[in-house]
>>> print(open('structure.txt').read())   # compact mmCIF, C-alpha atoms
# COMPACT_ATOMS: atom_id res chain seq x y z
CA MET A 1200 0.00 0.00 0.00
CA GLY A 1201 2.87 2.26 0.75
CA MET A 1202 4.08 1.64 -2.73
CA SER A 1203 0.67 2.34 -4.32
CA THR A 1204 0.46 5.65 -2.53
CA GLY A 1205 3.96 6.63 -3.50
CA GLY A 1206 3.60 5.49 -7.09
CA GLY A 1207 0.16 7.10 -7.34
CA GLY A 1208 1.62 10.12 -9.04
CA SER A 1209 1.90 8.18 -12.29
CA SER A 1210 -1.73 7.01 -12.48
CA LEU A 1211 -3.32 10.24 -11.21
CA ASN A 1212 -2.24 13.14 -13.41
CA ASN A 1213 -3.74 16.48 -12.70
CA GLU A 1214 -2.93 18.10 -16.06
CA ILE A 1215 -5.84 19.03 -18.27
CA ASN A 1216 -6.42 16.62 -21.15
CA VAL A 1217 -6.04 18.83 -24.23
CA THR A 1218 -6.49 16.10 -26.86
CA PRO A 1219 -10.25 16.71 -27.42
CA MET A 1220 -9.65 20.42 -27.76
CA ILE A 1221 -6.92 19.88 -30.34
CA ASP A 1222 -9.23 17.55 -32.28
CA VAL A 1223 -11.97 20.14 -32.33
CA LEU A 1224 -9.61 22.91 -33.38
CA LEU A 1225 -8.18 20.80 -36.21
CA VAL A 1226 -11.65 20.07 -37.56
CA LEU A 1227 -12.53 23.77 -37.42
CA LEU A 1228 -9.30 24.58 -39.24
CA ILE A 1229 -10.06 22.08 -42.01
CA ILE A 1230 -13.60 23.41 -42.43
CA PHE A 1231 -12.43 27.01 -42.73
CA MET A 1232 -9.74 25.96 -45.18
CA MET A 1233 -12.47 24.44 -47.33
CA ILE A 1234 -14.79 27.43 -47.12
CA ILE A 1235 -12.36 30.29 -47.76
CA PRO A 1236 -11.23 29.36 -51.29
CA MET A 1237 -14.87 29.28 -52.36
CA SER A 1238 -14.75 33.02 -52.82
CA ARG A 1239 -17.13 34.50 -55.29
CA LYS A 1240 -16.16 35.48 -58.80
CA ALA A 1241 -17.98 37.82 -61.10
CA ILE A 1242 -17.80 39.94 -64.23
CA ASP A 1243 -18.25 43.62 -63.50
CA THR A 1244 -20.51 45.49 -65.87
CA GLN A 1245 -21.36 49.16 -66.07
CA LEU A 1246 -25.07 49.79 -66.23
CA PRO A 1247 -26.58 52.24 -68.69
CA ASP A 1248 -27.27 55.77 -67.55
CA PRO A 1249 -30.86 55.86 -66.28
CA ASN A 1250 -31.36 59.41 -67.54
CA PRO A 1251 -29.72 59.44 -70.94
CA GLN A 1252 -28.78 62.84 -72.23
CA PRO A 1253 -30.45 63.71 -75.50
CA ALA A 1254 -28.38 62.04 -78.17
CA GLN A 1255 -25.09 63.83 -78.34
CA PRO A 1256 -24.10 64.88 -81.82
CA ASN A 1257 -20.47 63.92 -81.29
CA VAL A 1258 -21.10 60.32 -80.29
CA ASN A 1259 -17.83 58.49 -80.23
CA PRO A 1260 -17.58 56.92 -83.67
CA ASP A 1261 -15.09 54.23 -82.84
CA GLN A 1262 -16.80 52.57 -79.91
CA ILE A 1263 -16.98 48.80 -80.12
CA VAL A 1264 -20.35 47.14 -79.81
CA LEU A 1265 -20.40 43.39 -79.52
CA GLU A 1266 -23.74 41.90 -80.39
CA ILE A 1267 -24.86 38.45 -79.38
CA LEU A 1268 -27.39 37.16 -81.88
CA PRO A 1269 -29.61 34.07 -81.72
CA ASP A 1270 -28.22 30.69 -82.82
CA ASP A 1271 -24.79 31.36 -81.35
CA LYS A 1272 -23.94 34.12 -83.82
CA TYR A 1273 -21.93 37.19 -82.93
CA ALA A 1274 -21.28 40.56 -84.52
CA ILE A 1275 -18.79 43.34 -83.80
CA ASN A 1276 -20.11 46.71 -84.91
CA LYS A 1277 -22.71 44.95 -87.08
CA GLU A 1278 -20.06 42.87 -88.81
CA PRO A 1279 -20.85 39.16 -88.31
CA ILE A 1280 -18.08 37.03 -86.93
CA GLU A 1281 -17.69 33.34 -86.26
CA LYS A 1282 -17.78 32.16 -82.67
CA THR A 1283 -14.36 30.55 -83.03
CA ALA A 1284 -12.78 33.70 -84.46
CA LEU A 1285 -14.28 36.05 -81.88
CA PHE A 1286 -11.45 35.93 -79.38
CA GLU A 1287 -8.70 36.58 -81.93
CA ARG A 1288 -10.69 39.40 -83.48
CA LEU A 1289 -11.26 41.07 -80.12
CA LYS A 1290 -7.62 40.68 -79.27
CA SER A 1291 -6.51 42.27 -82.53
CA ILE A 1292 -8.90 45.17 -81.87
CA TYR A 1293 -7.99 45.77 -78.24
CA ASP A 1294 -4.25 45.14 -78.24
CA PRO A 1295 -3.38 48.45 -79.94
CA ARG A 1296 -6.35 50.35 -78.53
CA PRO A 1297 -5.81 52.58 -75.49
CA GLU A 1298 -9.42 52.59 -74.34
CA LYS A 1299 -10.47 49.13 -73.29
CA ILE A 1300 -14.22 49.67 -73.36
CA ILE A 1301 -16.76 47.41 -74.97
CA PHE A 1302 -20.51 47.57 -75.16
CA VAL A 1303 -22.27 44.26 -75.10
CA LYS A 1304 -25.72 44.08 -76.61
CA GLY A 1305 -27.49 40.78 -76.35
CA ASP A 1306 -30.47 39.89 -78.45
CA THR A 1307 -33.51 39.31 -76.27
CA MET A 1308 -33.81 35.71 -77.48
CA VAL A 1309 -30.32 34.53 -76.54
CA LYS A 1310 -29.44 32.69 -73.38
CA TYR A 1311 -27.75 34.47 -70.50
CA ALA A 1312 -24.89 31.96 -70.58
CA ASN A 1313 -24.00 32.99 -74.14
CA VAL A 1314 -23.80 36.64 -73.14
CA ILE A 1315 -21.58 35.76 -70.19
CA TRP A 1316 -19.41 33.70 -72.52
CA ALA A 1317 -18.97 36.70 -74.82
CA MET A 1318 -18.16 39.04 -71.92
CA ASP A 1319 -15.70 36.46 -70.68
CA GLN A 1320 -13.95 36.36 -74.06
CA ALA A 1321 -13.83 40.14 -74.12
CA ARG A 1322 -12.19 40.29 -70.70
CA GLY A 1323 -9.69 37.70 -71.84
CA ALA A 1324 -8.90 39.83 -74.87
CA GLY A 1325 -7.94 42.76 -72.66
CA VAL A 1326 -11.21 44.66 -72.22
CA LYS A 1327 -11.32 46.47 -68.89
CA VAL A 1328 -14.79 48.03 -68.90
CA ILE A 1329 -17.89 46.23 -70.08
CA GLY A 1330 -20.96 48.32 -70.66
CA VAL A 1331 -24.39 46.76 -70.87
CA ALA A 1332 -26.28 48.30 -73.75
CA PRO A 1333 -29.84 49.20 -72.83
CA LYS A 1334 -32.62 47.23 -74.45
CA MET B 782 -2.06 -5.47 -4.52
CA GLY B 783 -4.68 -8.15 -4.81
CA MET B 784 -7.34 -5.50 -4.82
CA SER B 785 -5.74 -3.49 -7.58
CA VAL B 786 -5.66 -6.56 -9.85
CA SER B 787 -9.29 -7.50 -9.22
CA GLY B 788 -10.45 -3.89 -9.65
CA GLY B 789 -9.18 -3.71 -13.21
CA GLY B 790 -10.05 0.00 -13.20
CA GLY B 791 -6.54 1.11 -14.03
CA VAL B 792 -6.30 -0.76 -17.36
CA LYS B 793 -9.08 -0.07 -19.88
CA ALA B 794 -9.47 -2.12 -23.03
CA GLU B 795 -12.12 0.00 -24.85
CA PRO B 796 -10.97 3.05 -26.87
CA ASN B 797 -11.63 6.51 -25.57
CA VAL B 798 -14.51 7.83 -27.70
CA THR B 799 -14.86 11.22 -26.02
CA PRO B 800 -12.68 13.12 -28.56
CA MET B 801 -14.57 11.56 -31.45
CA ILE B 802 -17.90 12.57 -29.94
CA ASP B 803 -16.58 16.11 -29.50
CA VAL B 804 -15.58 16.27 -33.14
CA MET B 805 -18.90 14.88 -34.33
CA LEU B 806 -20.87 17.35 -32.25
CA VAL B 807 -18.88 20.26 -33.63
CA LEU B 808 -19.42 19.01 -37.19
CA LEU B 809 -23.11 18.62 -36.51
CA ILE B 810 -23.40 22.16 -35.18
CA ILE B 811 -21.47 23.59 -38.13
CA PHE B 812 -23.64 21.81 -40.68
CA MET B 813 -26.76 22.86 -38.82
CA ILE B 814 -25.66 26.47 -39.09
CA THR B 815 -24.44 26.50 -42.68
CA ILE B 816 -27.01 24.38 -44.50
CA PRO B 817 -30.01 26.72 -44.07
CA GLN B 818 -27.86 29.60 -45.24
CA ILE B 819 -26.74 27.74 -48.35
CA ASN B 820 -30.17 26.75 -49.65
CA ALA B 821 -32.37 29.47 -48.27
CA GLY B 822 -35.19 29.33 -50.76
CA PHE B 823 -33.21 30.42 -53.76
CA THR B 824 -31.32 28.22 -56.16
CA ALA B 825 -29.70 29.29 -59.40
CA VAL B 826 -26.82 27.75 -61.26
CA PRO B 827 -24.65 30.62 -62.47
CA PRO B 828 -22.95 30.28 -65.85
CA GLU B 829 -19.32 29.31 -66.14
CA GLY B 830 -16.51 31.45 -67.42
CA GLN B 831 -12.77 31.76 -67.41
CA ASN B 832 -11.64 35.38 -67.13
CA LEU B 833 -13.37 36.39 -63.93
CA LYS B 834 -12.60 38.92 -61.27
CA PRO B 835 -12.53 37.61 -57.70
CA HIS B 836 -14.97 39.32 -55.35
CA PRO B 837 -14.47 38.02 -51.83
CA GLU B 838 -17.73 38.00 -49.94
CA GLU B 839 -18.15 40.83 -47.49
CA ASP B 840 -20.80 41.96 -45.10
CA GLY B 841 -23.17 44.41 -46.68
CA ASP B 842 -22.97 42.94 -50.17
CA GLN B 843 -26.28 43.16 -51.93
CA VAL B 844 -27.16 40.19 -54.08
CA LEU B 845 -29.98 40.03 -56.56
CA GLY B 846 -30.86 36.46 -57.44
CA ILE B 847 -32.82 35.48 -60.52
CA ASP B 848 -33.86 31.83 -60.54
CA ASP B 849 -34.63 29.62 -63.53
CA GLN B 850 -38.22 30.86 -63.62
CA GLY B 851 -37.14 34.50 -63.72
CA ARG B 852 -38.24 35.22 -60.15
CA TYR B 853 -36.29 37.80 -58.20
CA TYR B 854 -34.67 37.29 -54.82
CA LEU B 855 -33.11 40.18 -52.95
CA ASN B 856 -30.46 38.80 -50.59
CA LYS B 857 -32.17 35.39 -50.87
CA ARG B 858 -35.58 36.70 -49.88
CA PRO B 859 -38.19 36.39 -52.63
CA VAL B 860 -39.50 39.72 -53.85
CA ARG B 861 -42.25 40.50 -56.30
CA ASN B 862 -41.03 41.78 -59.63
CA GLU B 863 -42.88 45.06 -59.30
CA ASP B 864 -41.45 45.69 -55.81
CA LEU B 865 -37.85 45.30 -56.84
CA GLU B 866 -37.30 48.84 -57.96
CA THR B 867 -38.59 50.32 -54.70
CA LEU B 868 -36.60 47.94 -52.54
CA VAL B 869 -33.35 48.49 -54.43
CA ARG B 870 -33.83 52.23 -54.36
CA GLU B 871 -34.18 52.06 -50.57
CA ILE B 872 -30.70 50.53 -50.48
CA TYR B 873 -28.91 52.53 -53.16
CA GLY B 874 -30.90 55.75 -53.18
CA VAL B 875 -29.30 57.01 -49.96
CA GLU B 876 -26.57 59.60 -50.25
CA GLY B 877 -23.03 58.77 -49.27
CA ARG B 878 -22.89 55.08 -49.97
CA ASP B 879 -19.32 54.11 -50.66
CA ASP B 880 -20.18 51.65 -53.39
CA TYR B 881 -22.88 51.31 -55.98
CA ILE B 882 -22.16 47.72 -56.87
CA MET B 883 -24.77 45.02 -56.84
CA TYR B 884 -24.13 41.34 -57.36
CA VAL B 885 -26.44 39.58 -59.78
CA LYS B 886 -26.65 35.82 -59.53
CA ALA B 887 -28.78 34.64 -62.40
CA HIS B 888 -29.51 31.17 -63.72
CA LYS B 889 -27.45 30.26 -66.75
CA ASP B 890 -30.29 29.13 -68.99
CA LEU B 891 -32.39 32.22 -68.50
CA GLN B 892 -33.34 34.32 -71.48
CA TYR B 893 -31.04 37.30 -71.60
CA LEU B 894 -34.16 39.47 -71.82
CA LYS B 895 -34.95 38.67 -68.18
CA VAL B 896 -31.47 39.64 -67.05
CA VAL B 897 -31.37 42.83 -69.05
CA ASP B 898 -34.80 43.75 -67.66
CA ALA B 899 -33.44 43.33 -64.15
CA LEU B 900 -30.33 45.34 -64.98
CA GLY B 901 -32.54 48.09 -66.34
CA VAL B 902 -34.48 48.19 -63.06
CA LEU B 903 -31.23 48.29 -61.09
CA SER B 904 -29.84 51.14 -63.16
CA LYS B 905 -33.02 53.14 -62.58
CA SER B 906 -32.71 52.52 -58.84
CA GLY B 907 -29.20 53.88 -58.47
CA VAL B 908 -26.96 50.86 -59.02
CA ARG B 909 -23.92 51.77 -61.11
CA VAL B 910 -22.02 48.50 -61.39
CA ALA B 911 -23.58 45.07 -61.70
CA ALA B 912 -21.25 42.22 -60.92
CA LEU B 913 -22.60 39.20 -62.75
CA ILE B 914 -21.72 36.20 -60.61
CA THR B 915 -20.07 33.49 -62.66
CA GLU B 916 -18.38 30.24 -61.68
CA GLN B 917 -14.81 29.58 -62.66
CA SER B 918 -14.74 26.71 -65.15
CA PRO B 919 -12.87 23.83 -63.56
CA GLY B 920 -9.20 23.76 -64.37
CA THR B 921 -9.01 27.23 -65.89
CA GLU B 922 -7.34 30.41 -64.80
CA SER B 923 -8.07 33.97 -65.79
CA LEU B 924 -5.98 35.41 -68.60
CA VAL B 925 -6.12 38.82 -66.96
CA GLU B 926 -3.10 39.33 -64.75
CA SER B 927 -4.81 41.51 -62.15
CA ASP B 928 -7.44 38.81 -61.54
CA ARG B 929 -4.78 36.26 -60.76
CA ILE B 930 -3.09 38.60 -58.29
CA LEU B 931 -6.43 39.30 -56.63
CA GLY B 932 -7.24 35.62 -56.55
CA SER B 933 -4.02 34.57 -54.85
CA GLY B 934 -3.96 37.55 -52.52
CA GLY B 935 -7.46 36.75 -51.37
CA GLU B 936 -8.41 40.35 -50.62
CA LYS B 937 -9.57 43.20 -52.78
>>> encode(input="structure.txt", output="structure tokens")
Amino acid sequence: MGMSTGGGGSSLNNEINVTPMIDVLLVLLIIFMMIIPMSRKAIDTQLPDPNPQPAQPNVNPDQIVLEILPDDKYAINKEPIEKTALFERLKSIYDPRPEKIIFVKGDTMVKYANVIWAMDQARGAGVKVIGVAPK
Amino acid sequence: MGMSVSGGGGVKAEPNVTPMIDVMLVLLIIFMITIPQINAGFTAVPPEGQNLKPHPEEDGDQVLGIDDQGRYYLNKRPVRNEDLETLVREIYGVEGRDDYIMYVKAHKDLQYLKVVDALGVLSKSGVRVAALITEQSPGTESLVESDRILGSGGEK
């Protein structure tokens, strides 16, 4: 008995057991690591002026208007262009151009995803500002 | 000594399940909190794209949702189409806001007409920039250098 009392220090430890806390903290860490990279991504677009000035006589003649037409057809300033050639065409327009502005005008019949695709291509080709043309 | 052997209390054969239960309870609580926020009434599958600008979520972001039926949701609460303009103007019509950006999360197969209608309403109500929420296509990276810097830096 004398021995069990003396040796008792090994079986009775009065430190706090931190293992459960570490487990919980590790799980929390993993969950936050999974959530944080799911940050949102978007394409910024400038909305049309709600109170348009009466049509200015000196409207900028060399603005670029990209039209999205039904059946996956596209046109830049009324000039039809193949879907596959769109990116190269935009790149050849915007590489030398100082003002990286495009106006995107979608036909009312097209799908939203097609318009996003076109805006996406335009951003890839170096466009900085995307304007949504009013209906 | 004979008592300590018969007691058997010092040597336990079963594993200690207390840490596992702790972990499970924490997981349970976290899922209970996040799941209602994730599918709160509104579901839309945004379109996919490649050259996107990261917009880390912040408090105070205003999100307009448009589901596959063309119904509007303002910050995940359903709103009637005719009320949208009033409600958005209450948010953006005040003087001294430091941003006039609104996030638009629209379903990918919607007619563009529905989206452009919504954008028209937003522009009348004082929104200047509409950020069209798009998912990064798997395995792609933006061609725009500033997007990549923003993406890896994590903050605006």
>>> atom_distance(input="structure.txt", atom1="atom CA of B:Lys905", atom2="atom CA of A:Lys1277")
27.8 Å
>>> residues_around(input="structure.txt", residues="B:Asn856", least_positions_apart="6", cutoff="9 Å", atoms="only C-alpha atoms", output="ChimeraX atom specification")
/B:842-846
>>> closest_residue(input="structure.txt", among="B:Gly841, B:Pro859, B:Gly874, B:Gly907", to="chain A", atoms="all atoms listed in the file")
B:Gly907
>>> interface_residues(input="structure.txt", of="chain A", to="chain B", cutoff="9 Å", atoms="all atoms listed in the file", output="ChimeraX atom specification")
/A:1200,1203,1210,1218-1220,1222-1224,1226-1227,1230,1235-1250,1305-1316,1318-1325,1331-1334
>>> closest_residue(input="structure.txt", among="A:Lys1299, A:Lys1272, A:Lys1290, A:Lys1282", to="A:Gly1330", atoms="all atoms listed in the file")
A:Lys1299
>>> atom_distance(input="structure.txt", atom1="atom CA of A:Asp1261", atom2="atom CA of A:Ala1284")
20.7 Å
>>> atom_distance(input="structure.txt", atom1="atom CA of B:Val860", atom2="atom CA of B:Ala899")
12.5 Å
